[in-house]
Structures are given as structure tokens and as C-alpha cells.
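Since the structure comes first, as C-alpha cells, the remarks are kept for the end.
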Amino acid sequence: MKKSALKKIWIGAMLAAFVPLAFAAPQAPPSRVQKPHAAQAASSAPQMPRYRFENFTTANGLPDNHVFAVLVDGDRVWAGTEDGLAVYENHAWKIYTTKDGLAHRAVLSLALDKRTGDVWAGTMGGLSRISGGRIDSYTQLNSGLSNDVVYGVSVEGENVWVATAAGGCRLNTRTGQWALYNERNTPMIEIWTYGVSATPTKVYYAVWGSGILEYDQQTRRWDKYEDPDGENEMVLFKDQGLIHEIVTSVSYVDNILWVATYFGDSRYDGRYWHNFLTKDSGLPSNFTNFVKGLDSKRAWFCTDKGLAYYDGVNWAVYRPSLTTGKPEMTVRDAQGKVTPVAVSTAPAHNYVLGIDFQGDDIWVATAKGLSHGFRQP
Amino acid sequence: MRSRIQTAWVTGLAAALFTFVLWPVVDRPVQANAVDAQDYASPLEVLLSPDGARLYVLCQQSEEIRVLDAGSYAVIGKIPVGRVPRGFSLSPDGTRLFVTNSWDDTLSVIDTNALAVAATWPVGAEPSSVVEDLAGKRLFVANRVSNDVAVLDARTGVEEKRLLAGRGVSYLALSPDGSRIYATHVYPNMLPRRTGLENRMAPESEITVIDVARAVVVDRMPLHAIAGVFHVALSADGRLGVVAELHPKNLVPLAHLEHGGAFEDTITLFGADVGKTVEVPLDELERYASQPFGVAIAPDKSRIYVTSGGSEMVTVVDVPRLLRYIHAHPRPFVQDLSASANYVVTRIAVGHNPRGLTLSRDGRRLFVANRLEDTVSVIDTRSNRVASTITLDGPKTISVLRHGEQTFYTARYSFQGQIGCSSCHIDSTFDGMTWDLEPDGFGRDIVDNKLLEDIKDTEPYKWTGTNPDIPTECGPRTEKYFWRSETYDNLTLAHLAVYVRSLPPRPNRWRLPNGELAPAQERGKALFERTVDKFGNPIAEANRCSYCHSGPKGTNQKIFEVGTRKPTDNTGRLKSAPLSNIALSAPYLHDGSARTLEEIWTVYNPDDKHGRTNDLTKDELNDLIEYLRTR
């Protein structure tokens, strides 16, 4: 729902009329958790992808266990860690540091230019381009970059879109020109941009405390989406709009916008919103760091309490158990029935920060290591 | 080149200069004929057709391709192309000749049967060389100003993408198996910002390796301490590659020429035959191979041939001896001027400013383009002698400009023939380097090498503005501090000054085609011209951009202190620098300490002495820079 004066009036009227109904609205049925049993799960629960996880930490090559971002480029896997950029190739890690020209040791975000093979890394100290082993870094001092804290980066054609702590930027790699987007030339209230997803038609920014910013590539106009409930934590009407103002990640795929916030997640098809909360979905937590849409129906959610997969109907959660630390997988069907699935491995940690895909396999960035999930038959 | 130097303009300029500027230093009548520059062909590159029947000659100044019979050297045709052509190559089947036109940013596609341009395609900024893949599907174009290699559809010319290359990428070579393209670049890559000895770093360059099938950069072979890499060639078996390059010694005062303290002229070898890249000198004691440019490897890999534009010769290297030497001795070799005696067979004198070269398929004839002599030397590779010289029917007399240009490019005036003006001013531009020029001690008065274009009427010269005119800049100063040897006679100095003053600016790539400013540039122009800061306070005249950088060339030619003096500088008083094509000539400030235009103000203007800028927001500073790029 796009915010406008008319909408605000309308929302106010609707609030007055329907708040009591909203609070009385039926909730999703509570989850019914059964004991783990592989055979039972196979027979009754939806078939959701299963993985055997192998975890990488400093013990086997990572420069740091805090992995903020992961990016798959064919046979290579890039990991943005708190102490350098690591690339896994031919069963060995190679580490890039500030000595190699990296803008800062803490790498927060990664993006691949599929045309050229160049990798773009957002760091706590600028934006770095890794091309054929050479690193060129852009900072707020040596370039038009608006701020050195780069939370998000996305490549679209010859443009690199950047989400920083002081607004968005677009670098045209052909001309070297920078365009800055902030409160002066967009409907952005806060300028703390946390993530960006750029495509040839639309560009979306996740703005901390200011919802979602949308740029139409054809009309070159900005618009924004905000939580109709403002900064309140409550949701008055289900699916009435963006779930929350504090947006951490966006992923635009197949004309569908997937949104992660610290208070639930959203899916927007251009007309209707659908929101996800723990109480009415299979999300393990409303605190979501990162979202990645596979297509219009399927998406992965990286939360502080595990990794979640949504296939459009059912949910699967992968994590070490919150109580025992043992590997855990659960499947939630459309009716809210939760079925444990017996597994022997799990991602390295519950606090999940990123995901990318290598064929049927997944790579997962967590607060205590990088995990390679081998898809099981 | 017809549009670069207009007939009347050249004649008038020469007359005016001799009358008013150079008159005092000319002590004998000028004998040179005032021939128009456009009458010269200035052959830069040569190619043989796959069947060896035709010799193609890229004539940069007459802006055409000459087609000669490779047996009789008779002219078969002349094909006009675009402005200032710089590189060319044939399709694998020889039916199409691709020519990069560096000043109008186009590619001419010549039908070699019709001997006519079949298509002209837009490409990137200052295209300098081109190769087609063996499948005939893609073209790769090196764009010197945009620092990238464009990937084009070979049939339609539609650009698919651009690959990041080295700064000033200019030369390409396809491996014999067609799997790799090797790209070299003429300006060193920008290094990360330094601390301490921040503007006294050795340069870094690279050989960019492109996977042809995927059209992506897969490797960058580092070339440490190299700035200025030119042609690249590969052996027929693909196991040996070679590039011609400059190895500047910018960390010691350039005045120490007598100690060999300016440049090494070297080649770097790469490939399976040598393993890691290895740099070897072409110079020898008291005899330098100044400004290596073109390279070719004999079909049987027995010889490497290298042109030296400043030394007017071709160096012949025995490859087996070179490989034995490399494998038998510990690296590095570059500082050892006795090394070349182990593998240099001979040095063959050719014409003025030899550049591109090509071998016949049997390896018996080597064709060398003598750019400033309008000839092609044909060398018999068995005798290592010039067997014949093909004249391109240029003027019989030497014009003032041509003589000045020859003086600019030759190394004959410097001690032991080590360097010429063009060693640092590559293709009459700059070299992207900072230098320790004066004999005032190591590390004092480090200066950035400025772009030479469009410097007419911007005197005084030098960063400190202590040279009142070009004859002083090019004469006593150069002779005393740099050449340490022969001085110019007054006529030669006058011609050199005429040539330097004649250098026009290249087309500005940041301006819109219609000459108008884009919105960001327009906003930046307003900031450039403002007289009041954002708080409503008047900006003092000397603290406005538009005061010091006034006029069409962006300088009021006065001396200012702008707060950039370093502890190693003898003075902080500097002449306001011209702004012509300022976007091209990084690094910035007198000592090159600002790597980018942004750093001039984000790092080196804390007290607003270099213009009132600290009230600007980041997007406003970006606008200001967008405007500066249009100058």
C-alpha cells in the first residue's frame, strides 16, 4: 500500500471502525509439534528440501567466524566476514584483506556482476570491486560514494546500486558518475539504507525506519511503501501493507518483492501484500536479517533463530536446536502442523545473515561460520 | 590529421610564435618548410594480410589506411577512416580490417575486398586497439580513456559489455589458440592511498588476461614498478608472451641521469616458457633502447624484435639465449645493464620514431613503421639489415611542427640517449606519475606530471610558475636538469616549443553531444561560480573556484598558496593549474597526493584554502566534480 494523504485518511477511518474486529480476528492455529521421526515425516509432512551441512570456520580456513554475506559464482563461493573477504575455490580458501586493497576488513554485503564476473563488496569502510584478482576501492573520500558504511550492494547492467548509512548511491561503471539518493531527492525520511535489490525495471531499497523505497527505471521516479501502522509494533489489519518500518532486506524477483524486517516479513505482488509472522507462518522468528526470493512463490528467510524456507505453502526451518544445540529440521504445512524431520547436521549457527545457491545446494552465512548445505535426495 | 591542426591555424601560429615569442632565441634563419601537418602520413602500425600479399599501413596523421602490394610496395589503395586512428587488426580470414579511431570514439570496419569502409560503429572513449575472436563472433576493443575493454558483437557492432582493464588500456593480443586475450595499458593503475611517503610510490601495472569464450577477466599479471606498457605479442606455440614497457625510476631525482637514474627500457616475458613473469632490460651500459613500443616474435620463436621510438632502432633478442639466461641466473635482472649482452643480438637503426612492426609469415622480412619519417623500414631478418625503405610519399621537406615533434620524441639529446620528452609525456600527454625532479635531495619537491595538451597561453609553467614560457621550460631547464648532455640549438628549441604549444585538447568525453550541461553538471557549474557560501557569507575573491580557475582554460595564471604544501616542499606557492581535460590526468595537486578529484577537497582542503568547499554536502561536491569533468 503506497502511503499518501488519501491513504492516511482512509486508514484512520478504517482504524476507528474496525479495530475491535481486528483484535477479534481469528488467528492462525497454534503449531502442533510432533516428535521427530523420519519415516513419519516422509509419509505425512510435505516434502521439503533436506540438506547435509558442512560448516566452515576459522578452524578450516575462514578468516573469521562472523560471516555477514555469502555469494556463489559458479564453482567459487565468496564469504564476507568480519575480518576479510574469503573465496572458496578448488577446496581451498583465499583471503583478501585491506593489504590487498579491500576497503575495510569487515565485509557486509556482496554482489556479482554476472556479465563480467566482477564481485562488489560492501564493507564498513567503503565499496570494493574485485575484478580478476585486482581490488579497487571506493570511499566517501576518494569517490562520490555517500558513506563508507555499505550495508547492501546490487548490480544491474552497468550500474552498481549501493545502500549506505547515508542514503543510496548508484555508480555508473561506464561513465564513473555517481548519483546519490537521500532525503533531498527521494521520499526517504531516514537515510539509513540497509539493503538494495536492483533489476532493469525496478530498484528497491530497504530503509531502516523508513520502509521501502522504490525506483522506477523507466519513469525515473521514486515512491515508497511504509507500514500503515506507522512505527507501532502492532498489526491492526493483516496484510494491509508492509509489515514494519524497520526494513533490513529486499529481494525483487519475478515481479514479486520479498521484504525482511525486524518485526516480520512481507511479500508484495504490486497490488497485494502478504505478511508473515511467527504466529501465522512457519517463520522461526520475526527478527529477519536477510531475505532472498527464488521466484514469485518461494523464498528463504535468514532470522536470528534459524534459516527458513517457504515454498509458497509450506515452511521448513533448519537450525541447531535452540535448547539442545542438536541439528534440527521442522516442516510446517498449510494447516500449521509442524513435523520434525530427523537430521544429523544443521547450519553453523541460529543467527543467520545470508544465503546463496549453488545448483541445488545452499550456502549459509551465520554468526559462527559458513555452512554448505548439500541437497539430499 | 586534418581536423586536429588546421592549415591556416598552423601557419599563423608558427609565424606568430617566431615573431613574438621565439624571436630572441633564434639565431639563424628557419630553413624548415612550413608544410601543413596534415600532409604527413605518420605511419603508426603495419599489418600483413594472411596470405602475405598486402601490407596495410595505419597512417595516423593523414587518418587513412594505406594498402600496399607487399612485394612491390606499390600503393593499391588509400582508405580514409576516422579521427586519429591508433590501432587496427584483421579478421582471422582477412576479409575485414578493423580500425580504432581514437578521437571520435568509433571503429571503422573495412571490407578488404572492396577496400572501403563498410561500417562505422561507436565504441568507448579513445579506442586504441581491437581484435576479433577466432570464431568471428566477438570483437574486443581497448578504450584508453574509459580504461576498459569493450566486448562487441562482431557482426552488428552492438556492445555487449565492458571489462575493467588497466588504466589507459591500449594494446591487445589474441593467443594463437584463440582462448585468451592479453591487454596492456599505458598509464599505471591507481594505488590505494598511502601514508608516510604517500606520493613516492613505485608504479604498478598489469597484463590483463581475458577468457575469450566467457569474455571475462580471469587474471591480472602484476608488473611491479612499470608505468607505460605498450605492444604485446605471443609466440606461435602460445608458450611465450612479451610486452614492451617503461620502468621509471621516479623515487630518485630525475636529475641523476648520469647514474642511470631515469628509466629502464625493458620487456616482460610471460607464459609457460618462463613461468612467472620476468622483466629483462633492453638497455646496456651507455646505450639505451629508449621508449620500447612494438614487439614481434619470430614464427620459429628464435627472435624477439622490439622497436624503440626514442632511440630510432629495433633491438633483436635471441630467444633461446634469453631463456637460458633467465633460467640460469637469479632474478631480478632489471637493474643489471650488463644482462642484455647475453641475449641482444644486434640493434638495427631505422627511421624517426619507429612504432608498430610486423613479420612476414616466413619470418624473413620485418616491417617497421617509422612514424615521424613517413617510411616503413623493411628489415632482412637473416642479415639484420634494412633491406629497403618504403616511402609513403609524404612531403620532401620537414615542417616546423614535424621537426618539433621529432625533437619531442627522440632521446638523442639526453645523456647516453636515455630519455626524451615523450618518455614521460606518453603520446604527448602525461604518464600518471609523480616524480622527484630537481637535484635538491631525495624526496624533496615531489611533483605530479601534468597533461601537456592545450597548454598554449597558460604560462608561467611548472607547478611553481617559475618558468615564464615554453622555451624556458623546454630549453635551459630541460637541458640542465634532465638531458645532462647535448643542448638544443636555438632553431630546434624553437621548433620544439611550436610543437608543444600546438598540442590541442582531446575531445572531452564528459560533455553532452549537444554541448549543453547535464543537470548535475549545471548544478556543479553554479557551485563553481558562486560568490556566497551556503550560510550566506560572501566568499573572498581568491577563495572562489571561478577566480583562480577563470578563463577558457581554467587558470588566471597567477600564483597562490592553497594550503597543500608538504614538509618536503620548498614552497607552497603554486600557479593555478589549468582545467583542460582535468578528468584524465589523475593524480592531482602539485605532488600527486590526491588520487582523485574528490580527494582534493575531502582530504587536502581542511581549512578551505583551496576554495570554499567545506560547507558543501556530499552530493553537492559530486555535482562540482561532474562539472569539472566537462572542462
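Chain labels run A, B, ... following the order of the C-alpha cells; each chain numbers its residues from 1, and ligands are numbered from 1 in the order shown.
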
Show me, as a PDB file with N, CA and C atoms, in the first residue's frame, the residues that have an atom within 8 Å of Asp454 of chain B when counting only C-alpha atoms, minus same-chain residues fewer than 3 positions from it.
ATOM      1  N   ARG B 501      53.329  23.907 -28.024  1.00  0.00           N
ATOM      2  CA  ARG B 501      52.222  24.866 -27.966  1.00  0.00           C
ATOM      3  C   ARG B 501      51.072  24.472 -28.888  1.00  0.00           C
ATOM      4  N   SER B 502      51.369  23.642 -29.878  1.00  0.00           N
ATOM      5  CA  SER B 502      50.319  23.296 -30.842  1.00  0.00           C
ATOM      6  C   SER B 502      49.420  22.170 -30.357  1.00  0.00           C
ATOM      7  N   LEU B 503      49.808  21.493 -29.278  1.00  0.00           N
ATOM      8  CA  LEU B 503      49.048  20.307 -28.866  1.00  0.00           C
ATOM      9  C   LEU B 503      47.649  20.704 -28.410  1.00  0.00           C
ATOM     10  N   PRO B 504      46.651  20.252 -29.136  1.00  0.00           N
ATOM     11  CA  PRO B 504      45.277  20.633 -28.782  1.00  0.00           C
ATOM     12  C   PRO B 504      44.711  19.686 -27.720  1.00  0.00           C
ATOM     13  N   PRO B 505      43.609  20.059 -27.095  1.00  0.00           N
ATOM     14  CA  PRO B 505      42.988  19.126 -26.147  1.00  0.00           C
ATOM     15  C   PRO B 505      42.262  18.018 -26.893  1.00  0.00           C
ATOM     16  N   LYS B 553      40.591  28.198 -20.229  1.00  0.00           N
ATOM     17  CA  LYS B 553      41.438  27.059 -19.863  1.00  0.00           C
ATOM     18  C   LYS B 553      41.485  26.817 -18.361  1.00  0.00           C
ATOM     19  N   SER B 580      41.842  22.062 -18.391  1.00  0.00           N
ATOM     20  CA  SER B 580      41.506  21.351 -19.630  1.00  0.00           C
ATOM     21  C   SER B 580      41.646  19.845 -19.442  1.00  0.00           C
TER      22      SER B 580
END

Distance filter 8 Å, only C-alpha atoms, chain B against chain A, as a PyMOL selection string: chain B and resi 146+161-164+192+215-220+595-599+602-603+618-619+622+626

With only C-alpha atoms as the counted atoms, please give the residues lying no more than 12 Å from Gly551 of chain B, apart from itself and same-chain residues fewer than 6 positions off, as a JSON list (two decimals) with N, CA and C atoms, in the first residue's frame.
[["chain", "number", "residue", "atom", "x", "y", "z"],
["B", 457, "ASP", "N", 49.32, 29.48, -24.02],
["B", 457, "ASP", "CA", 48.77, 30.65, -23.34],
["B", 457, "ASP", "C", 48.35, 30.37, -21.90],
["B", 458, "THR", "N", 49.02, 29.43, -21.26],
["B", 458, "THR", "CA", 48.76, 29.20, -19.84],
["B", 458, "THR", "C", 50.02, 29.44, -19.00],
["B", 529, "GLU", "N", 30.86, 28.77, -9.74],
["B", 529, "GLU", "CA", 30.80, 30.23, -9.97],
["B", 529, "GLU", "C", 30.24, 31.00, -8.78],
["B", 545, "CYS", "N", 36.21, 29.26, -6.76],
["B", 545, "CYS", "CA", 36.76, 28.40, -7.83],
["B", 545, "CYS", "C", 36.99, 29.23, -9.09],
["B", 557, "GLN", "N", 46.41, 32.18, -14.30],
["B", 557, "GLN", "CA", 47.87, 32.23, -14.50],
["B", 557, "GLN", "C", 48.60, 32.95, -13.36],
["B", 576, "SER", "N", 47.94, 28.54, -10.40],
["B", 576, "SER", "CA", 46.65, 27.88, -10.54],
["B", 576, "SER", "C", 46.68, 27.00, -11.79],
["B", 577, "ALA", "N", 46.34, 25.74, -11.58],
["B", 577, "ALA", "CA", 46.50, 24.76, -12.66],
["B", 577, "ALA", "C", 45.37, 24.88, -13.67],
["B", 578, "PRO", "N", 45.68, 24.77, -14.97],
["B", 578, "PRO", "CA", 44.62, 24.75, -15.98],
["B", 578, "PRO", "C", 43.70, 23.55, -15.75],
["B", 579, "LEU", "N", 42.48, 23.66, -16.26],
["B", 579, "LEU", "CA", 41.50, 22.61, -16.03],
["B", 579, "LEU", "C", 41.19, 21.78, -17.28],
["B", 580, "SER", "N", 41.84, 22.06, -18.39],
["B", 580, "SER", "CA", 41.51, 21.35, -19.63],
["B", 580, "SER", "C", 41.65, 19.84, -19.44],
["B", 631, "ARG", "N", 35.33, 20.26, -18.22],
["B", 631, "ARG", "CA", 36.25, 21.34, -18.62],
["B", 631, "ARG", "C", 37.30, 20.83, -19.59]]

Selection near Trp161 of chain A, 9 Å with only C-alpha atoms, sequence-local residues under 4 positions removed, as a list in words: Gly152, Val153, Ser154, Val155, Glu156, Gly168, Cys169, Arg170, Leu171, Asn172, Val196, Ser197, Ala198 and Val203 of chain A

From B:Ser235, B:Thr106, B:Asn113, B:Ser377, residue lying nearest Val57 of chain B [only C-alpha atoms]: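 Under the stated criterion, the closest residue is B:Ser377.
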
Atomic distance atom CA of Glu45 of chain B - atom CA of Gly356 of chain B, expressed in Å with one decimal: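 These atoms are spaced 4.3 Å apart.
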
Members of segment 305-415 of chain B assigned strand (DSSP E) by DSSP, as a PyMOL selection string: chain B and resi 305-308+313-318+344-349+354-359+365-370+375-380+385-391

Distance of atom CA of Tyr413 of chain B from atom CA of Glu473 of chain B, expressed in Å to one decimal place: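 Atom-to-atom, atom CA of Glu473 of chain B and atom CA of Tyr413 of chain B are spaced 15.4 Å apart.
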
Residue contacts of Ser281 of chain A (9 Å, only C-alpha atoms) excluding same-chain residues fewer than 3 positions away, as a list in words: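 The neighbour list is Ala28, Asn275, Phe276, Leu277, Thr278, Pro284, Asn314, Trp315, Arg332, Ala334 and Gly336 of chain A.
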
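The coordinates place atom CA of Gly61 of chain A at 22.9 Å from atom CA of Ser344 of chain A.
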
Residues within 8 Å of Phe442 of chain B, only C-alpha atoms, excluding chain neighbours under 6 positions, as an MDAnalysis selection string: chainID B and resid 251:253 436

Close residues, segment 346-353 of chain A itself excluded, 7 Å, only C-alpha atoms, min 6 positions apart in chain, as JSON, numbers by chain: {"A": [53, 55, 68, 69, 289, 290, 302, 303, 304, 305, 306, 307, 318, 319, 320, 327, 328, 365, 366, 367, 368, 369, 370, 371]}
